[in-house]
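Only one structure is covered here, and it is reproduced in the block below.
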Amino acid sequence: MKKGKIVSLKQTTEACYQVQKELYTIGLWYENSKLVEADIIWFPYPIITVPDAAGFVFPNTTLLHKILGYKPGHIYIPKYVVMQLFKQERGSLRDILRHEYAHVLAHYYPEFIVDNEEFEKVFGGAYYDMQSIAMEDAAYITDYARKIPMEDFAETFMVYLRRKGVLPDGIKNRKLKKKWNFITKTIRQIQRNEYSEQK
């Protein structure tokens, strides 16, 4: 994204199409996938309850969210971000969508992520923990991943999806490799589970 530019519906639609192709490539986008239930909603006004968000998935909604038209489990992309005023430096729209699809994955498949003890071991805390987890710098794929476990998962998934599941050669940290492997394992578990449900 160019600095100072707002995001158009056309840009959002094009980025969405590309990211959904990537989800298909890694085996998460198919007819019976719960991910297809998540809408990508471009908003002509900012997300006022989260003024610094370039994209957002509501895990649940308050009365205010409902009044504003937000629903849980969908991705919201605002035309502009309130806190950025005239800068609008949100970076790659595809990366935003990749990141938000990780939250969608956790929303629609909580048994594999949110309610998973292995997630807590790998990411250092429960999905919804609101405290950052202290790990060495190399254990995080981005600076934003340091924030809280759910954002660590979403940032790792973002890069995983961008790389179509291929671990970058530069990643040597054991903890970061475990996070990457957790995503691979989770995708396989989801596929097996949905295949067995179809029988």
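Each chain of the structure tokens is named A, B, ... in the order shown, its residues numbered from 1; ligands are numbered from 1 in display order.
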Which residues are near segment 148-165 of chain A? Cut-off 10 Å, only C-alpha atoms, ignore same chain within fewer than 2 positions. Put them as a PyMOL selection string.
chain A and resi 19-20+22-27+94-106+113-114+119-120+122-134+139-146+167-168+176+179-184
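You can rank A:Pro78, A:Gly69, A:Pro110, A:Pro59 by their closest distance to Thr12 of chain A using only C-alpha atoms, and at the top of that list sits A:Pro78.
Residues of chain A assigned to strand (DSSP E or B) by DSSP on this structure's backbone: Ile40, Ile41, Trp42, Phe43, Phe56, Val57, Ile75, Tyr76, Ile77 and Pro78 of chain A.
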Using DSSP secondary structure from the backbone, list all helix (DSSP H, G or I) positions within segment 16-196 of chain A, as number ranges by chain.
A: 16-25, 34-37, 63-68, 82-84, 93-108, 110-112, 117-123, 137-139, 144-146, 149-162, 174-196
Atom CA of Ala53 of chain A sits from atom CA of Tyr109 of chain A at a separation of 23.3 Å
